[in-house]
$ cat protein_2.cif   # mmCIF, N, CA and C atoms and all ligand atoms
data_query
loop_
_atom_site.label_atom_id
_atom_site.label_comp_id
_atom_site.auth_asym_id
_atom_site.auth_seq_id
_atom_site.Cartn_x
_atom_site.Cartn_y
_atom_site.Cartn_z
N MET A 115 1.69 -20.99 15.69
CA MET A 115 0.65 -21.88 15.16
C MET A 115 0.55 -21.72 13.65
N SER A 116 0.54 -22.85 12.93
CA SER A 116 0.41 -22.76 11.48
C SER A 116 -1.01 -22.34 11.11
N GLU A 117 -1.09 -21.39 10.20
CA GLU A 117 -2.38 -20.82 9.80
C GLU A 117 -2.42 -20.68 8.29
N ARG A 118 -3.63 -20.47 7.79
CA ARG A 118 -3.78 -20.15 6.37
C ARG A 118 -4.47 -18.80 6.23
N THR A 119 -4.09 -18.08 5.18
CA THR A 119 -4.70 -16.78 4.92
C THR A 119 -4.92 -16.62 3.43
N LEU A 120 -5.86 -15.76 3.06
CA LEU A 120 -6.09 -15.53 1.63
C LEU A 120 -5.37 -14.26 1.19
N ALA A 121 -4.71 -14.36 0.05
CA ALA A 121 -4.03 -13.21 -0.55
C ALA A 121 -4.58 -13.00 -1.95
N ILE A 122 -4.69 -11.73 -2.35
CA ILE A 122 -5.03 -11.42 -3.75
C ILE A 122 -3.99 -10.43 -4.28
N ILE A 123 -3.41 -10.78 -5.41
CA ILE A 123 -2.57 -9.83 -6.15
C ILE A 123 -3.54 -9.12 -7.10
N LYS A 124 -3.73 -7.82 -6.84
CA LYS A 124 -4.82 -7.06 -7.47
C LYS A 124 -4.48 -6.66 -8.91
N PRO A 125 -5.50 -6.20 -9.67
CA PRO A 125 -5.28 -5.88 -11.10
C PRO A 125 -4.15 -4.89 -11.35
N ASP A 126 -3.93 -3.93 -10.45
CA ASP A 126 -2.85 -2.95 -10.68
C ASP A 126 -1.49 -3.63 -10.66
N ALA A 127 -1.29 -4.57 -9.73
CA ALA A 127 0.01 -5.25 -9.61
C ALA A 127 0.21 -6.25 -10.74
N VAL A 128 -0.87 -6.91 -11.18
CA VAL A 128 -0.76 -7.84 -12.32
C VAL A 128 -0.36 -7.05 -13.56
N LYS A 129 -0.99 -5.88 -13.75
CA LYS A 129 -0.70 -5.03 -14.91
C LYS A 129 0.76 -4.58 -14.91
N LYS A 130 1.33 -4.38 -13.72
CA LYS A 130 2.73 -3.93 -13.62
C LYS A 130 3.74 -5.07 -13.70
N ASP A 131 3.26 -6.30 -14.00
CA ASP A 131 4.16 -7.47 -14.07
C ASP A 131 4.87 -7.71 -12.75
N ALA A 132 4.14 -7.53 -11.64
CA ALA A 132 4.74 -7.70 -10.31
C ALA A 132 4.35 -9.04 -9.66
N ILE A 133 3.69 -9.94 -10.40
CA ILE A 133 3.25 -11.21 -9.80
C ILE A 133 4.44 -11.97 -9.21
N GLY A 134 5.49 -12.12 -10.01
CA GLY A 134 6.65 -12.92 -9.57
C GLY A 134 7.33 -12.30 -8.36
N ASP A 135 7.49 -10.97 -8.38
CA ASP A 135 8.15 -10.30 -7.26
C ASP A 135 7.34 -10.48 -5.97
N ILE A 136 6.02 -10.36 -6.09
CA ILE A 136 5.18 -10.46 -4.89
C ILE A 136 5.20 -11.89 -4.34
N ILE A 137 5.12 -12.89 -5.21
CA ILE A 137 5.18 -14.27 -4.73
C ILE A 137 6.55 -14.55 -4.10
N LYS A 138 7.59 -13.96 -4.64
CA LYS A 138 8.93 -14.10 -4.06
C LYS A 138 8.95 -13.50 -2.63
N MET A 139 8.26 -12.40 -2.44
CA MET A 139 8.19 -11.78 -1.11
C MET A 139 7.42 -12.68 -0.13
N TYR A 140 6.34 -13.31 -0.61
CA TYR A 140 5.60 -14.26 0.26
C TYR A 140 6.55 -15.38 0.69
N GLU A 141 7.20 -15.98 -0.30
CA GLU A 141 8.07 -17.13 -0.01
C GLU A 141 9.24 -16.74 0.88
N GLY A 142 9.78 -15.54 0.64
CA GLY A 142 10.90 -15.05 1.44
C GLY A 142 10.52 -14.87 2.90
N ALA A 143 9.22 -14.63 3.13
CA ALA A 143 8.72 -14.43 4.50
C ALA A 143 8.21 -15.74 5.11
N GLY A 144 8.40 -16.85 4.41
CA GLY A 144 7.95 -18.15 4.94
C GLY A 144 6.46 -18.36 4.80
N LEU A 145 5.84 -17.62 3.88
CA LEU A 145 4.40 -17.81 3.60
C LEU A 145 4.30 -18.62 2.32
N ARG A 146 4.01 -19.92 2.48
CA ARG A 146 4.03 -20.84 1.34
C ARG A 146 2.68 -20.96 0.67
N PRO A 147 2.63 -20.76 -0.66
CA PRO A 147 1.36 -20.96 -1.36
C PRO A 147 0.91 -22.42 -1.27
N VAL A 148 -0.36 -22.64 -0.91
CA VAL A 148 -0.94 -23.99 -0.94
C VAL A 148 -2.07 -24.06 -1.97
N ALA A 149 -2.39 -22.90 -2.59
CA ALA A 149 -3.34 -22.86 -3.71
C ALA A 149 -3.11 -21.55 -4.46
N ILE A 150 -3.16 -21.62 -5.78
CA ILE A 150 -2.99 -20.42 -6.62
C ILE A 150 -4.00 -20.48 -7.76
N ARG A 151 -4.67 -19.36 -7.99
CA ARG A 151 -5.66 -19.30 -9.07
C ARG A 151 -5.60 -17.92 -9.73
N MET A 152 -5.43 -17.90 -11.05
CA MET A 152 -5.51 -16.63 -11.77
C MET A 152 -6.89 -16.55 -12.39
N MET A 153 -7.52 -15.38 -12.26
CA MET A 153 -8.91 -15.26 -12.75
C MET A 153 -9.24 -13.81 -13.05
N ARG A 154 -10.30 -13.62 -13.78
CA ARG A 154 -10.93 -12.31 -13.87
C ARG A 154 -12.14 -12.39 -12.96
N MET A 155 -12.24 -11.47 -12.03
CA MET A 155 -13.31 -11.52 -11.04
C MET A 155 -14.51 -10.75 -11.58
N PRO A 156 -15.64 -11.42 -11.83
CA PRO A 156 -16.82 -10.66 -12.25
C PRO A 156 -17.21 -9.67 -11.14
N LYS A 157 -17.81 -8.52 -11.50
CA LYS A 157 -18.13 -7.51 -10.48
C LYS A 157 -18.99 -8.07 -9.34
N PRO A 158 -20.02 -8.88 -9.63
CA PRO A 158 -20.81 -9.43 -8.52
C PRO A 158 -19.97 -10.30 -7.57
N THR A 159 -18.96 -10.96 -8.11
CA THR A 159 -18.06 -11.77 -7.27
C THR A 159 -17.25 -10.85 -6.35
N ALA A 160 -16.77 -9.73 -6.90
CA ALA A 160 -16.04 -8.75 -6.09
C ALA A 160 -16.96 -8.15 -5.03
N GLU A 161 -18.22 -7.90 -5.39
CA GLU A 161 -19.18 -7.32 -4.42
C GLU A 161 -19.45 -8.28 -3.28
N GLY A 162 -19.53 -9.57 -3.58
CA GLY A 162 -19.74 -10.57 -2.54
C GLY A 162 -18.52 -10.71 -1.64
N PHE A 163 -17.36 -10.64 -2.26
CA PHE A 163 -16.11 -10.78 -1.49
C PHE A 163 -15.94 -9.62 -0.51
N TYR A 164 -16.26 -8.41 -0.97
CA TYR A 164 -16.08 -7.21 -0.14
C TYR A 164 -17.39 -6.76 0.52
N ALA A 165 -18.32 -7.70 0.72
CA ALA A 165 -19.65 -7.34 1.26
C ALA A 165 -19.57 -6.56 2.58
N VAL A 166 -18.54 -6.81 3.40
CA VAL A 166 -18.42 -6.07 4.68
C VAL A 166 -18.21 -4.57 4.45
N HIS A 167 -17.77 -4.20 3.24
CA HIS A 167 -17.53 -2.78 2.94
C HIS A 167 -18.68 -2.14 2.16
N LYS A 168 -19.81 -2.86 2.08
CA LYS A 168 -20.94 -2.43 1.24
C LYS A 168 -21.37 -0.98 1.50
N ALA A 169 -21.33 -0.55 2.76
CA ALA A 169 -21.81 0.79 3.10
C ALA A 169 -20.76 1.87 2.88
N ARG A 170 -19.54 1.48 2.55
CA ARG A 170 -18.46 2.47 2.40
C ARG A 170 -18.61 3.26 1.10
N PRO A 171 -18.18 4.52 1.13
CA PRO A 171 -18.29 5.35 -0.08
C PRO A 171 -17.46 4.80 -1.25
N PHE A 172 -16.40 4.01 -0.93
CA PHE A 172 -15.52 3.53 -1.99
C PHE A 172 -15.93 2.16 -2.53
N PHE A 173 -17.07 1.62 -2.06
CA PHE A 173 -17.46 0.24 -2.42
C PHE A 173 -17.58 0.03 -3.94
N ASP A 174 -18.28 0.96 -4.62
CA ASP A 174 -18.50 0.76 -6.05
C ASP A 174 -17.18 0.87 -6.83
N SER A 175 -16.40 1.86 -6.46
CA SER A 175 -15.13 2.06 -7.13
C SER A 175 -14.17 0.89 -6.87
N LEU A 176 -14.13 0.39 -5.62
CA LEU A 176 -13.27 -0.74 -5.26
C LEU A 176 -13.66 -2.00 -6.06
N THR A 177 -14.96 -2.29 -6.13
CA THR A 177 -15.38 -3.52 -6.80
C THR A 177 -15.24 -3.40 -8.32
N THR A 178 -15.39 -2.19 -8.85
CA THR A 178 -15.13 -1.95 -10.28
C THR A 178 -13.65 -2.19 -10.57
N PHE A 179 -12.78 -1.67 -9.70
CA PHE A 179 -11.33 -1.88 -9.84
C PHE A 179 -10.98 -3.37 -9.79
N MET A 180 -11.54 -4.10 -8.84
CA MET A 180 -11.19 -5.52 -8.69
C MET A 180 -11.64 -6.34 -9.89
N ALA A 181 -12.68 -5.83 -10.61
CA ALA A 181 -13.18 -6.54 -11.79
C ALA A 181 -12.52 -6.02 -13.07
N SER A 182 -11.58 -5.07 -12.96
CA SER A 182 -11.06 -4.38 -14.14
C SER A 182 -9.98 -5.15 -14.90
N GLY A 183 -9.45 -6.21 -14.31
CA GLY A 183 -8.40 -6.97 -14.98
C GLY A 183 -8.11 -8.23 -14.20
N PRO A 184 -7.22 -9.07 -14.72
CA PRO A 184 -6.94 -10.33 -14.03
C PRO A 184 -6.32 -10.11 -12.65
N VAL A 185 -6.63 -11.04 -11.76
CA VAL A 185 -6.03 -11.05 -10.41
C VAL A 185 -5.44 -12.45 -10.18
N VAL A 186 -4.56 -12.55 -9.17
CA VAL A 186 -4.06 -13.85 -8.73
C VAL A 186 -4.51 -14.03 -7.28
N VAL A 187 -5.26 -15.10 -7.04
CA VAL A 187 -5.77 -15.38 -5.70
C VAL A 187 -4.97 -16.56 -5.15
N LEU A 188 -4.46 -16.41 -3.92
CA LEU A 188 -3.63 -17.46 -3.33
C LEU A 188 -4.07 -17.77 -1.91
N VAL A 189 -3.83 -18.99 -1.48
CA VAL A 189 -3.89 -19.33 -0.06
C VAL A 189 -2.45 -19.51 0.39
N LEU A 190 -2.08 -18.77 1.43
CA LEU A 190 -0.72 -18.84 1.98
C LEU A 190 -0.77 -19.52 3.33
N GLU A 191 0.24 -20.35 3.59
CA GLU A 191 0.29 -21.10 4.85
C GLU A 191 1.62 -20.81 5.55
N GLY A 192 1.57 -20.71 6.86
CA GLY A 192 2.80 -20.51 7.63
C GLY A 192 2.45 -20.18 9.07
N LYS A 193 3.51 -20.03 9.87
CA LYS A 193 3.33 -19.70 11.28
C LYS A 193 2.74 -18.30 11.38
N ASP A 194 1.65 -18.17 12.16
CA ASP A 194 0.99 -16.86 12.32
C ASP A 194 0.80 -16.15 10.98
N ALA A 195 0.35 -16.92 9.98
CA ALA A 195 0.30 -16.41 8.60
C ALA A 195 -0.54 -15.13 8.46
N ILE A 196 -1.63 -15.04 9.19
CA ILE A 196 -2.54 -13.90 8.99
C ILE A 196 -1.85 -12.59 9.37
N LYS A 197 -1.28 -12.54 10.56
CA LYS A 197 -0.62 -11.32 11.01
C LYS A 197 0.67 -11.06 10.24
N ARG A 198 1.45 -12.13 10.02
CA ARG A 198 2.72 -11.91 9.32
C ARG A 198 2.49 -11.47 7.88
N HIS A 199 1.41 -11.96 7.26
CA HIS A 199 1.09 -11.51 5.91
C HIS A 199 0.67 -10.05 5.92
N ARG A 200 -0.10 -9.65 6.92
CA ARG A 200 -0.53 -8.24 6.99
C ARG A 200 0.68 -7.32 7.22
N ASP A 201 1.61 -7.78 8.05
CA ASP A 201 2.83 -6.99 8.27
C ASP A 201 3.63 -6.87 6.96
N LEU A 202 3.71 -7.97 6.22
CA LEU A 202 4.45 -7.96 4.96
C LEU A 202 3.77 -7.05 3.92
N MET A 203 2.43 -7.02 3.91
CA MET A 203 1.72 -6.14 2.96
C MET A 203 1.97 -4.68 3.27
N GLY A 204 1.98 -4.31 4.55
CA GLY A 204 2.12 -2.91 4.94
C GLY A 204 0.78 -2.22 5.05
N ALA A 205 0.82 -0.93 5.36
CA ALA A 205 -0.41 -0.16 5.59
C ALA A 205 -1.30 -0.15 4.34
N THR A 206 -2.63 -0.08 4.57
CA THR A 206 -3.59 -0.04 3.45
C THR A 206 -3.21 1.06 2.46
N ASP A 207 -2.82 2.22 3.00
CA ASP A 207 -2.41 3.33 2.14
C ASP A 207 -0.90 3.21 1.87
N PRO A 208 -0.51 2.92 0.63
CA PRO A 208 0.92 2.73 0.32
C PRO A 208 1.79 3.90 0.76
N ALA A 209 1.21 5.10 0.82
CA ALA A 209 1.98 6.28 1.24
C ALA A 209 2.42 6.15 2.70
N LYS A 210 1.69 5.33 3.46
CA LYS A 210 2.03 5.14 4.88
C LYS A 210 2.76 3.82 5.13
N ALA A 211 2.96 3.02 4.07
CA ALA A 211 3.60 1.71 4.23
C ALA A 211 5.11 1.88 4.40
N VAL A 212 5.70 1.05 5.28
CA VAL A 212 7.14 1.18 5.53
C VAL A 212 7.95 0.41 4.49
N ALA A 213 9.23 0.77 4.40
CA ALA A 213 10.14 0.13 3.44
C ALA A 213 10.17 -1.38 3.66
N GLY A 214 10.23 -2.12 2.57
CA GLY A 214 10.30 -3.57 2.67
C GLY A 214 8.94 -4.24 2.55
N THR A 215 7.86 -3.44 2.58
CA THR A 215 6.53 -4.03 2.47
C THR A 215 6.10 -4.07 0.99
N ILE A 216 5.12 -4.95 0.72
CA ILE A 216 4.65 -5.11 -0.66
C ILE A 216 3.98 -3.83 -1.15
N ARG A 217 3.17 -3.20 -0.29
CA ARG A 217 2.45 -2.00 -0.75
C ARG A 217 3.39 -0.82 -0.96
N LYS A 218 4.47 -0.76 -0.17
CA LYS A 218 5.47 0.29 -0.40
C LYS A 218 6.10 0.09 -1.78
N ALA A 219 6.41 -1.18 -2.10
CA ALA A 219 7.10 -1.47 -3.36
C ALA A 219 6.18 -1.36 -4.57
N HIS A 220 4.90 -1.78 -4.41
CA HIS A 220 4.06 -1.95 -5.60
C HIS A 220 2.73 -1.20 -5.57
N GLY A 221 2.34 -0.64 -4.41
CA GLY A 221 1.05 0.05 -4.34
C GLY A 221 1.11 1.43 -4.98
N THR A 222 -0.04 1.92 -5.42
CA THR A 222 -0.11 3.25 -6.04
C THR A 222 -0.80 4.25 -5.11
N ASN A 223 -1.98 3.87 -4.61
CA ASN A 223 -2.71 4.72 -3.67
C ASN A 223 -3.61 3.84 -2.80
N ILE A 224 -4.41 4.47 -1.92
CA ILE A 224 -5.17 3.69 -0.93
C ILE A 224 -6.13 2.69 -1.59
N GLU A 225 -6.57 2.96 -2.80
CA GLU A 225 -7.45 2.01 -3.49
C GLU A 225 -6.64 1.02 -4.34
N TYR A 226 -5.74 1.54 -5.13
CA TYR A 226 -4.90 0.69 -5.99
C TYR A 226 -3.68 0.29 -5.17
N ASN A 227 -3.90 -0.63 -4.23
CA ASN A 227 -2.83 -0.91 -3.25
C ASN A 227 -2.22 -2.31 -3.40
N ALA A 228 -2.26 -2.83 -4.63
CA ALA A 228 -1.49 -4.01 -5.06
C ALA A 228 -1.93 -5.38 -4.52
N VAL A 229 -2.26 -5.44 -3.23
CA VAL A 229 -2.56 -6.74 -2.64
C VAL A 229 -3.67 -6.64 -1.58
N HIS A 230 -4.30 -7.78 -1.36
CA HIS A 230 -5.28 -7.93 -0.26
C HIS A 230 -4.84 -9.07 0.64
N GLY A 231 -5.18 -8.99 1.92
CA GLY A 231 -4.94 -10.11 2.83
C GLY A 231 -6.03 -10.19 3.88
N SER A 232 -6.38 -11.40 4.26
CA SER A 232 -7.40 -11.60 5.31
C SER A 232 -6.95 -10.91 6.60
N ASP A 233 -7.93 -10.38 7.37
CA ASP A 233 -7.55 -9.64 8.58
C ASP A 233 -7.84 -10.37 9.89
N SER A 234 -8.42 -11.58 9.83
CA SER A 234 -8.68 -12.34 11.06
C SER A 234 -8.92 -13.80 10.67
N PRO A 235 -8.87 -14.73 11.64
CA PRO A 235 -9.13 -16.14 11.31
C PRO A 235 -10.53 -16.35 10.72
N GLU A 236 -11.52 -15.62 11.22
CA GLU A 236 -12.90 -15.77 10.70
C GLU A 236 -12.95 -15.30 9.25
N THR A 237 -12.34 -14.14 8.98
CA THR A 237 -12.31 -13.61 7.61
C THR A 237 -11.55 -14.56 6.70
N ALA A 238 -10.44 -15.10 7.18
CA ALA A 238 -9.63 -16.01 6.37
C ALA A 238 -10.47 -17.23 5.96
N ARG A 239 -11.22 -17.78 6.91
CA ARG A 239 -12.06 -18.94 6.60
C ARG A 239 -13.07 -18.61 5.51
N PHE A 240 -13.74 -17.46 5.67
CA PHE A 240 -14.72 -17.03 4.67
C PHE A 240 -14.05 -16.81 3.31
N GLU A 241 -12.94 -16.08 3.32
CA GLU A 241 -12.30 -15.69 2.06
C GLU A 241 -11.69 -16.88 1.33
N ILE A 242 -11.08 -17.82 2.06
CA ILE A 242 -10.51 -19.01 1.42
C ILE A 242 -11.63 -19.82 0.77
N GLY A 243 -12.71 -20.04 1.53
CA GLY A 243 -13.84 -20.82 1.02
C GLY A 243 -14.55 -20.13 -0.14
N TYR A 244 -14.42 -18.81 -0.23
CA TYR A 244 -15.07 -18.04 -1.30
C TYR A 244 -14.47 -18.39 -2.66
N PHE A 245 -13.18 -18.71 -2.67
CA PHE A 245 -12.49 -18.98 -3.94
C PHE A 245 -12.02 -20.41 -4.13
N PHE A 246 -11.86 -21.17 -3.04
CA PHE A 246 -11.28 -22.51 -3.18
C PHE A 246 -12.07 -23.57 -2.42
N PRO A 247 -12.44 -24.67 -3.11
CA PRO A 247 -12.95 -25.83 -2.38
C PRO A 247 -11.79 -26.47 -1.62
N GLU A 248 -12.10 -27.12 -0.50
CA GLU A 248 -11.07 -27.73 0.36
C GLU A 248 -10.09 -28.58 -0.45
N MET A 249 -10.60 -29.31 -1.44
CA MET A 249 -9.73 -30.24 -2.19
C MET A 249 -8.67 -29.53 -3.03
N ASP A 250 -8.80 -28.20 -3.25
CA ASP A 250 -7.81 -27.45 -4.01
C ASP A 250 -6.63 -26.98 -3.16
N LEU A 251 -6.72 -27.19 -1.84
CA LEU A 251 -5.63 -26.77 -0.97
C LEU A 251 -4.68 -27.94 -0.79
N VAL A 252 -3.43 -27.77 -1.19
CA VAL A 252 -2.50 -28.91 -1.14
C VAL A 252 -1.79 -28.98 0.21
N ALA A 253 -1.40 -30.18 0.58
CA ALA A 253 -0.60 -30.37 1.79
C ALA A 253 0.86 -30.12 1.43
N ARG A 254 1.62 -29.36 2.29
CA ARG A 254 3.02 -29.09 1.99
C ARG A 254 3.89 -29.43 3.19
P1 LIG B 301 -8.07 -4.36 1.04
O1 LIG B 301 -7.07 -4.77 2.04
O2 LIG B 301 -8.31 -5.22 -0.14
O3 LIG B 301 -9.49 -4.14 1.79
C1 LIG B 301 -10.46 -3.23 1.34
C2 LIG B 301 -9.98 -2.36 0.22
O4 LIG B 301 -10.70 -1.17 0.04
C3 LIG B 301 -8.57 -1.86 0.53
O5 LIG B 301 -7.65 -2.91 0.48
C4 LIG B 301 -8.42 -0.78 -0.51
O6 LIG B 301 -8.14 -1.30 -1.81
C5 LIG B 301 -9.82 -0.20 -0.49
N1 LIG B 301 -9.90 0.97 0.38
C6 LIG B 301 -9.76 1.03 1.71
N2 LIG B 301 -9.94 2.28 2.18
C7 LIG B 301 -10.18 3.04 1.08
C8 LIG B 301 -10.44 4.42 0.88
N3 LIG B 301 -10.47 5.28 1.91
N4 LIG B 301 -10.65 4.84 -0.36
C9 LIG B 301 -10.62 3.97 -1.40
N5 LIG B 301 -10.39 2.64 -1.27
C10 LIG B 301 -10.16 2.19 -0.05
#

$ encode --input "protein_2.cif" --output "structure tokens" --more "lines below"
Ligand code: CMP
Amino acid sequence: MSERTLAIIKPDAVKKDAIGDIIKMYEGAGLRPVAIRMMRMPKPTAEGFYAVHKARPFFDSLTTFMASGPVVVLVLEGKDAIKRHRDLMGATDPAKAVAGTIRKAHGTNIEYNAVHGSDSPETARFEIGYFFPEMDLVAR
């Protein structure tokens, strides 16, 4: 089933000039961008995006990191995009990510882990709508 998922190339990966390599990995896996936006995320925007993690000890540090530099936010489309994108990203902790995954190639540690991806259809709907109005998603 064709699905859409939200991806974020995080400030650590943008700083390392890994934007092109990561988008190449999406495309290589059949995950086609249907929207792309480069932005600096204000801290309150990061706090709203990660609201489900509000009670976690790493919440302040995570949202400070996400606001620390430019990010690239994308909507990816493809067959079973949500799960296949999560498989392509690899484990949250890059130290546990397997070879061939984005976090293995570009992640630094469990917080500075290069990329984000939606974890369910409900989350994907929320996360896509958080950054993109429907009219910004192109048909491909
Ligand atoms: P992401 O997939 O964007 O979802 C939540 C983020 O919180 C996660 O990637 C990491 O960047 C961060 N995170 C998750 N667990 C931890 C942790 N134990 N310590 C610090 N940051 C974490």

$ residues_near_ligand --input "protein_2.cif" --ligand "ligand LIG 301 (chain B)" --cutoff "6.5 Å" --atoms "only N, CA and C atoms and all ligand atoms" --output "tab-separated table (two decimals) with N, CA and C atoms, in the coordinates of the input"
chain	number	residue	atom	x	y	z
A	172	PHE	N	-16.40	4.01	-0.93
A	172	PHE	CA	-15.52	3.53	-1.99
A	172	PHE	C	-15.93	2.16	-2.53
A	176	LEU	N	-14.13	0.39	-5.62
A	176	LEU	CA	-13.27	-0.74	-5.26
A	176	LEU	C	-13.66	-2.00	-6.06
A	206	THR	N	-2.63	-0.08	4.57
A	206	THR	CA	-3.59	-0.04	3.45
A	206	THR	C	-3.21	1.06	2.46
A	224	ILE	N	-4.41	4.47	-1.92
A	224	ILE	CA	-5.17	3.69	-0.93
A	224	ILE	C	-6.13	2.69	-1.59
A	225	GLU	N	-6.57	2.96	-2.80
A	225	GLU	CA	-7.45	2.01	-3.49
A	225	GLU	C	-6.64	1.02	-4.34
A	226	TYR	N	-5.74	1.54	-5.13
A	226	TYR	CA	-4.90	0.69	-5.99
A	226	TYR	C	-3.68	0.29	-5.17
A	227	ASN	N	-3.90	-0.63	-4.23
A	227	ASN	CA	-2.83	-0.91	-3.25
A	227	ASN	C	-2.22	-2.31	-3.40
A	229	VAL	N	-2.26	-5.44	-3.23
A	229	VAL	CA	-2.56	-6.74	-2.64
A	229	VAL	C	-3.67	-6.64	-1.58
A	230	HIS	N	-4.30	-7.78	-1.36
A	230	HIS	CA	-5.28	-7.93	-0.26
A	230	HIS	C	-4.84	-9.07	0.64
A	231	GLY	N	-5.18	-8.99	1.92
A	231	GLY	CA	-4.94	-10.11	2.83
A	231	GLY	C	-6.03	-10.19	3.88

$ residues_near_point --input "protein_2.cif" --point "(-9.1, -6.0, -13.7)" --cutoff "8 Å" --atoms "all atoms listed in the file" --output "PyMOL selection string"
chain A and resi 124-126+153-155+178-185

$ residues_around --input "protein_2.cif" --residues "range 136-151 of chain A" --least-positions-apart "4" --cutoff "7 Å" --atoms "only C-alpha atoms" --output "compact mmCIF listing (two decimals) with N, CA and C atoms, in the coordinates of the input"
# COMPACT_ATOMS: atom_id res chain seq x y z
N ALA A 132 4.14 -7.53 -11.64
CA ALA A 132 4.74 -7.70 -10.31
C ALA A 132 4.35 -9.04 -9.66
N VAL A 186 -4.56 -12.55 -9.17
CA VAL A 186 -4.06 -13.85 -8.73
C VAL A 186 -4.51 -14.03 -7.28
N VAL A 187 -5.26 -15.10 -7.04
CA VAL A 187 -5.77 -15.38 -5.70
C VAL A 187 -4.97 -16.56 -5.15
N LEU A 188 -4.46 -16.41 -3.92
CA LEU A 188 -3.63 -17.46 -3.33
C LEU A 188 -4.07 -17.77 -1.91
N VAL A 189 -3.83 -18.99 -1.48
CA VAL A 189 -3.89 -19.33 -0.06
C VAL A 189 -2.45 -19.51 0.39
N LEU A 190 -2.08 -18.77 1.43
CA LEU A 190 -0.72 -18.84 1.98
C LEU A 190 -0.77 -19.52 3.33
N GLU A 191 0.24 -20.35 3.59
CA GLU A 191 0.29 -21.10 4.85
C GLU A 191 1.62 -20.81 5.55
N GLY A 192 1.57 -20.71 6.86
CA GLY A 192 2.80 -20.51 7.63
C GLY A 192 2.45 -20.18 9.07
N ALA A 195 0.35 -16.92 9.98
CA ALA A 195 0.30 -16.41 8.60
C ALA A 195 -0.54 -15.13 8.46
N ILE A 216 5.12 -4.95 0.72
CA ILE A 216 4.65 -5.11 -0.66
C ILE A 216 3.98 -3.83 -1.15
N ASP A 250 -8.80 -28.20 -3.25
CA ASP A 250 -7.81 -27.45 -4.01
C ASP A 250 -6.63 -26.98 -3.16
N LEU A 251 -6.72 -27.19 -1.84
CA LEU A 251 -5.63 -26.77 -0.97
C LEU A 251 -4.68 -27.94 -0.79
N VAL A 252 -3.43 -27.77 -1.19
CA VAL A 252 -2.50 -28.91 -1.14
C VAL A 252 -1.79 -28.98 0.21
N ALA A 253 -1.40 -30.18 0.58
CA ALA A 253 -0.60 -30.37 1.79
C ALA A 253 0.86 -30.12 1.43

$ atom_distance --input "protein_2.cif" --atom1 "atom N of Thr119 in chain A" --atom2 "atom N of Pro171 in chain A"
26.9 Å

$ atom_distance --input "protein_2.cif" --atom1 "atom C of Val166 in chain A" --atom2 "CA of Ser232 in chain A"
12.9 Å

$ select_by_dssp --input "protein_2.cif" --residues "chain A" --states "helix (DSSP H, G or I)" --output "PyMOL selection string"
chain A and resi 125-129+133-142+157-163+165-167+173-180+195-203+208-210+216-220+235-245+248-250

$ atom_distance --input "protein_2.cif" --atom1 "CA of Arg217 in chain A" --atom2 "CA of Pro247 in chain A"
28.4 Å

$ select_by_dssp --input "protein_2.cif" --residues "chain A" --states "strand (DSSP E)" --output "ChimeraX atom specification"
/A:116-123,146-153,185-193,229-231

$ closest_residue --input "protein_2.cif" --among "A:Ala228, A:Lys193, A:Ala238, A:Pro208" --to "Ser116 in chain A" --atoms "only C-alpha atoms"
A:Lys193

$ closest_residue --input "protein_2.cif" --among "A:His167, A:Arg200, A:Lys157, A:His220" --to "Asp233 in chain A" --atoms "all atoms listed in the file"
A:Arg200
